[in-house]
Amino acid sequence: MDLTLDSVLAEAISRLQLAARDRHHAMHTPVVATPDGDMRIMVLREASEGLSTLRFHTDLRSPKTALIGQGAPVGVLAYDPVDRVQLRMRGEGRIEQYGSIADAAWDRANASSRRCYLAGTGPSGVLAAPGSALPDHLLHRAPTLDETLPARENFCVLLVEVRSLDWLHLTHEGGTRARFTRSQANAPWQGAWLAP
Ligand SMILES: Cc1cc2nc3c(=O)[nH]c(=O)nc-3n(C[C@H](O)[C@H](O)[C@H](O)COP(=O)(O)O)c2cc1C
């Protein structure tokens, strides 16, 4: 089948959707970059139909949430070494602590996924000694669901509206690359082939 811009875009979106569901998928843990030039690995939780949102979970106390707030440019970079496909995305990020998306994500999270939000010091906070900052009684066991309830105030979602997607497929012959952009979420994508 001939490669078309439409088929490449559809393939990229379904690859991200699969990656969000499969924790063994290479694109399950992309790099997320913020406007300060910093970057970090985060678990991709959902890629919506049409890529209007990528959803990540994070701790409200971490520096990136203040940086992103209600709107900031965010980059997302993922690579699948098996298929040799790189996806570079840019979009508008926003943090939601409460609301239907964050509430549903918290409700679906099991006790062991909620555990990290019980840490006494938030991500990137300074500690007097090496460690996870979890309370002593939770160092060696998962909390019960009831025990995780106070952690809800530390939990939030990062939602990224993707405005630009760059797809690169490496091959021995050199590869193929395409870029898709749109002015706002839900606007039609404009695609173009690029030199790799
Ligand atoms: C495999 C892996 C998965 C991670 N998943 C997340 C995640 O889903 N959300 C998150 O906030 N941090 C996650 N982290 C930790 C971040 O990379 C980072 O250390 C932390 O969020 C603090 O970042 P900040 O100081 O930029 O806010 C993950 C790290 C690794 C290695």
# chains A, B, ... in the order shown; residues from 1 in each chain; ligands from 1
>>> residues_near_ligand(ligand="ligand 1", cutoff="8 Å", atoms="only C-alpha atoms and all ligand atoms", output="list of chain:residue names")
A:Thr29, A:Asp38, A:Met39, A:Arg40, A:Ile41, A:Met42, A:Val43, A:Leu44, A:Arg45, A:Phe56, A:His57, A:Thr58, A:Asp59, A:Arg61, A:Ser62, A:Pro63, A:Lys64, A:Thr65, A:Pro123, A:Ser124
>>> select_by_dssp(residues="chain A", states="strand (DSSP E or B)", output="PyMOL selection string")
chain A and resi 31-33+39-41+44-47+54-59+72-80+85-96+155-169+176-181+190-194
>>> residues_around(residues="A:Ser48", least_positions_apart="4", cutoff="10 Å", atoms="only C-alpha atoms", output="list in words")
Ile13, Ser14, Leu16, Gln17, Ala20, Ser52, Thr53, Leu54, Arg55 and Glu161 of chain A
>>> closest_residue(among="A:Ala129, A:Asp136, A:Gly50, A:Val157", to="A:Gly99", atoms="only C-alpha atoms")
A:Val157
>>> atom_distance(atom1="atom CA of A:Asp83", atom2="atom CA of A:Arg182")
26.1 Å
>>> decode(residues="stretch 167-179 of chain A", atoms="all heavy atoms", output="PDB file, in the first residue's frame")
ATOM      1  N   TRP A 167       6.707  12.999  12.420  1.00  0.00           N
ATOM      2  CA  TRP A 167       6.855  11.540  12.341  1.00  0.00           C
ATOM      3  C   TRP A 167       8.093  11.236  11.512  1.00  0.00           C
ATOM      4  O   TRP A 167       8.239  11.762  10.403  1.00  0.00           O
ATOM      5  CB  TRP A 167       5.599  10.966  11.691  1.00  0.00           C
ATOM      6  CG  TRP A 167       5.592   9.513  11.355  1.00  0.00           C
ATOM      7  CD1 TRP A 167       5.187   8.488  12.149  1.00  0.00           C
ATOM      8  CD2 TRP A 167       5.953   8.921  10.094  1.00  0.00           C
ATOM      9  NE1 TRP A 167       5.286   7.294  11.458  1.00  0.00           N
ATOM     10  CE2 TRP A 167       5.754   7.539  10.200  1.00  0.00           C
ATOM     11  CE3 TRP A 167       6.435   9.447   8.883  1.00  0.00           C
ATOM     12  CZ2 TRP A 167       6.014   6.661   9.158  1.00  0.00           C
ATOM     13  CZ3 TRP A 167       6.694   8.570   7.847  1.00  0.00           C
ATOM     14  CH2 TRP A 167       6.485   7.194   7.986  1.00  0.00           C
ATOM     15  N   LEU A 168       8.985  10.434  12.059  1.00  0.00           N
ATOM     16  CA  LEU A 168      10.197  10.040  11.319  1.00  0.00           C
ATOM     17  C   LEU A 168      10.341   8.532  11.391  1.00  0.00           C
ATOM     18  O   LEU A 168      10.373   7.951  12.479  1.00  0.00           O
ATOM     19  CB  LEU A 168      11.431  10.702  11.937  1.00  0.00           C
ATOM     20  CG  LEU A 168      12.795  10.191  11.451  1.00  0.00           C
ATOM     21  CD1 LEU A 168      13.015  10.506   9.985  1.00  0.00           C
ATOM     22  CD2 LEU A 168      13.922  10.788  12.283  1.00  0.00           C
ATOM     23  N   HIS A 169      10.402   7.898  10.225  1.00  0.00           N
ATOM     24  CA  HIS A 169      10.624   6.446  10.174  1.00  0.00           C
ATOM     25  C   HIS A 169      11.990   6.209   9.554  1.00  0.00           C
ATOM     26  O   HIS A 169      12.224   6.530   8.389  1.00  0.00           O
ATOM     27  CB  HIS A 169       9.521   5.788   9.313  1.00  0.00           C
ATOM     28  CG  HIS A 169       9.669   4.319   9.247  1.00  0.00           C
ATOM     29  ND1 HIS A 169       9.301   3.572   8.160  1.00  0.00           N
ATOM     30  CD2 HIS A 169      10.149   3.433  10.151  1.00  0.00           C
ATOM     31  CE1 HIS A 169       9.554   2.298   8.384  1.00  0.00           C
ATOM     32  NE2 HIS A 169      10.068   2.190   9.583  1.00  0.00           N
ATOM     33  N   LEU A 170      12.890   5.667  10.355  1.00  0.00           N
ATOM     34  CA  LEU A 170      14.248   5.410   9.858  1.00  0.00           C
ATOM     35  C   LEU A 170      14.288   4.072   9.131  1.00  0.00           C
ATOM     36  O   LEU A 170      13.745   3.075   9.620  1.00  0.00           O
ATOM     37  CB  LEU A 170      15.224   5.322  11.031  1.00  0.00           C
ATOM     38  CG  LEU A 170      15.675   6.609  11.693  1.00  0.00           C
ATOM     39  CD1 LEU A 170      16.665   6.270  12.798  1.00  0.00           C
ATOM     40  CD2 LEU A 170      16.312   7.551  10.687  1.00  0.00           C
ATOM     41  N   THR A 171      14.935   4.052   7.983  1.00  0.00           N
ATOM     42  CA  THR A 171      15.156   2.774   7.287  1.00  0.00           C
ATOM     43  C   THR A 171      16.584   2.772   6.755  1.00  0.00           C
ATOM     44  O   THR A 171      17.256   3.813   6.768  1.00  0.00           O
ATOM     45  CB  THR A 171      14.203   2.615   6.080  1.00  0.00           C
ATOM     46  OG1 THR A 171      14.491   3.672   5.151  1.00  0.00           O
ATOM     47  CG2 THR A 171      12.735   2.656   6.481  1.00  0.00           C
ATOM     48  N   HIS A 172      17.020   1.600   6.279  1.00  0.00           N
ATOM     49  CA  HIS A 172      18.379   1.529   5.729  1.00  0.00           C
ATOM     50  C   HIS A 172      18.523   2.411   4.486  1.00  0.00           C
ATOM     51  O   HIS A 172      19.597   2.869   4.155  1.00  0.00           O
ATOM     52  CB  HIS A 172      18.757   0.078   5.414  1.00  0.00           C
ATOM     53  CG  HIS A 172      18.887  -0.739   6.669  1.00  0.00           C
ATOM     54  ND1 HIS A 172      19.826  -0.448   7.640  1.00  0.00           N
ATOM     55  CD2 HIS A 172      18.182  -1.788   7.127  1.00  0.00           C
ATOM     56  CE1 HIS A 172      19.693  -1.293   8.643  1.00  0.00           C
ATOM     57  NE2 HIS A 172      18.699  -2.121   8.357  1.00  0.00           N
ATOM     58  N   GLU A 173      17.392   2.659   3.804  1.00  0.00           N
ATOM     59  CA  GLU A 173      17.434   3.500   2.600  1.00  0.00           C
ATOM     60  C   GLU A 173      17.441   4.987   2.964  1.00  0.00           C
ATOM     61  O   GLU A 173      17.522   5.831   2.078  1.00  0.00           O
ATOM     62  CB  GLU A 173      16.226   3.224   1.690  1.00  0.00           C
ATOM     63  CG  GLU A 173      16.181   1.824   1.087  1.00  0.00           C
ATOM     64  CD  GLU A 173      15.727   0.771   2.092  1.00  0.00           C
ATOM     65  OE1 GLU A 173      14.823   1.055   2.894  1.00  0.00           O
ATOM     66  OE2 GLU A 173      16.313  -0.320   2.069  1.00  0.00           O
ATOM     67  N   GLY A 174      17.327   5.320   4.212  1.00  0.00           N
ATOM     68  CA  GLY A 174      17.375   6.728   4.608  1.00  0.00           C
ATOM     69  C   GLY A 174      16.199   7.159   5.454  1.00  0.00           C
ATOM     70  O   GLY A 174      16.349   7.922   6.380  1.00  0.00           O
ATOM     71  N   GLY A 175      15.013   6.694   5.116  1.00  0.00           N
ATOM     72  CA  GLY A 175      13.860   7.007   5.963  1.00  0.00           C
ATOM     73  C   GLY A 175      12.860   7.929   5.302  1.00  0.00           C
ATOM     74  O   GLY A 175      13.044   8.410   4.189  1.00  0.00           O
ATOM     75  N   THR A 176      11.791   8.169   6.046  1.00  0.00           N
ATOM     76  CA  THR A 176      10.683   8.995   5.580  1.00  0.00           C
ATOM     77  C   THR A 176      10.253   9.867   6.746  1.00  0.00           C
ATOM     78  O   THR A 176      10.263   9.416   7.893  1.00  0.00           O
ATOM     79  CB  THR A 176       9.460   8.103   5.203  1.00  0.00           C
ATOM     80  OG1 THR A 176       9.931   6.948   4.531  1.00  0.00           O
ATOM     81  CG2 THR A 176       8.488   8.850   4.337  1.00  0.00           C
ATOM     82  N   ARG A 177       9.890  11.096   6.423  1.00  0.00           N
ATOM     83  CA  ARG A 177       9.472  12.000   7.503  1.00  0.00           C
ATOM     84  C   ARG A 177       8.284  12.847   7.047  1.00  0.00           C
ATOM     85  O   ARG A 177       8.218  13.261   5.880  1.00  0.00           O
ATOM     86  CB  ARG A 177      10.646  12.906   7.883  1.00  0.00           C
ATOM     87  CG  ARG A 177      10.336  13.849   9.012  1.00  0.00           C
ATOM     88  CD  ARG A 177      11.590  14.561   9.486  1.00  0.00           C
ATOM     89  NE  ARG A 177      11.255  15.697  10.305  1.00  0.00           N
ATOM     90  CZ  ARG A 177      12.039  16.753  10.479  1.00  0.00           C
ATOM     91  NH1 ARG A 177      13.224  16.811   9.893  1.00  0.00           N
ATOM     92  NH2 ARG A 177      11.659  17.751  11.239  1.00  0.00           N
ATOM     93  N   ALA A 178       7.385  13.091   7.967  1.00  0.00           N
ATOM     94  CA  ALA A 178       6.229  13.943   7.681  1.00  0.00           C
ATOM     95  C   ALA A 178       5.950  14.806   8.903  1.00  0.00           C
ATOM     96  O   ALA A 178       6.222  14.397  10.039  1.00  0.00           O
ATOM     97  CB  ALA A 178       5.005  13.092   7.369  1.00  0.00           C
ATOM     98  N   ARG A 179       5.421  15.996   8.638  1.00  0.00           N
ATOM     99  CA  ARG A 179       5.042  16.857   9.767  1.00  0.00           C
ATOM    100  C   ARG A 179       3.593  17.307   9.581  1.00  0.00           C
ATOM    101  O   ARG A 179       3.177  17.650   8.476  1.00  0.00           O
ATOM    102  CB  ARG A 179       5.956  18.068   9.865  1.00  0.00           C
ATOM    103  CG  ARG A 179       5.630  18.890  11.128  1.00  0.00           C
ATOM    104  CD  ARG A 179       6.736  19.842  11.489  1.00  0.00           C
ATOM    105  NE  ARG A 179       6.949  20.806  10.437  1.00  0.00           N
ATOM    106  CZ  ARG A 179       8.129  21.379  10.151  1.00  0.00           C
ATOM    107  NH1 ARG A 179       9.198  21.074  10.843  1.00  0.00           N
ATOM    108  NH2 ARG A 179       8.247  22.248   9.186  1.00  0.00           N
TER     109      ARG A 179
END
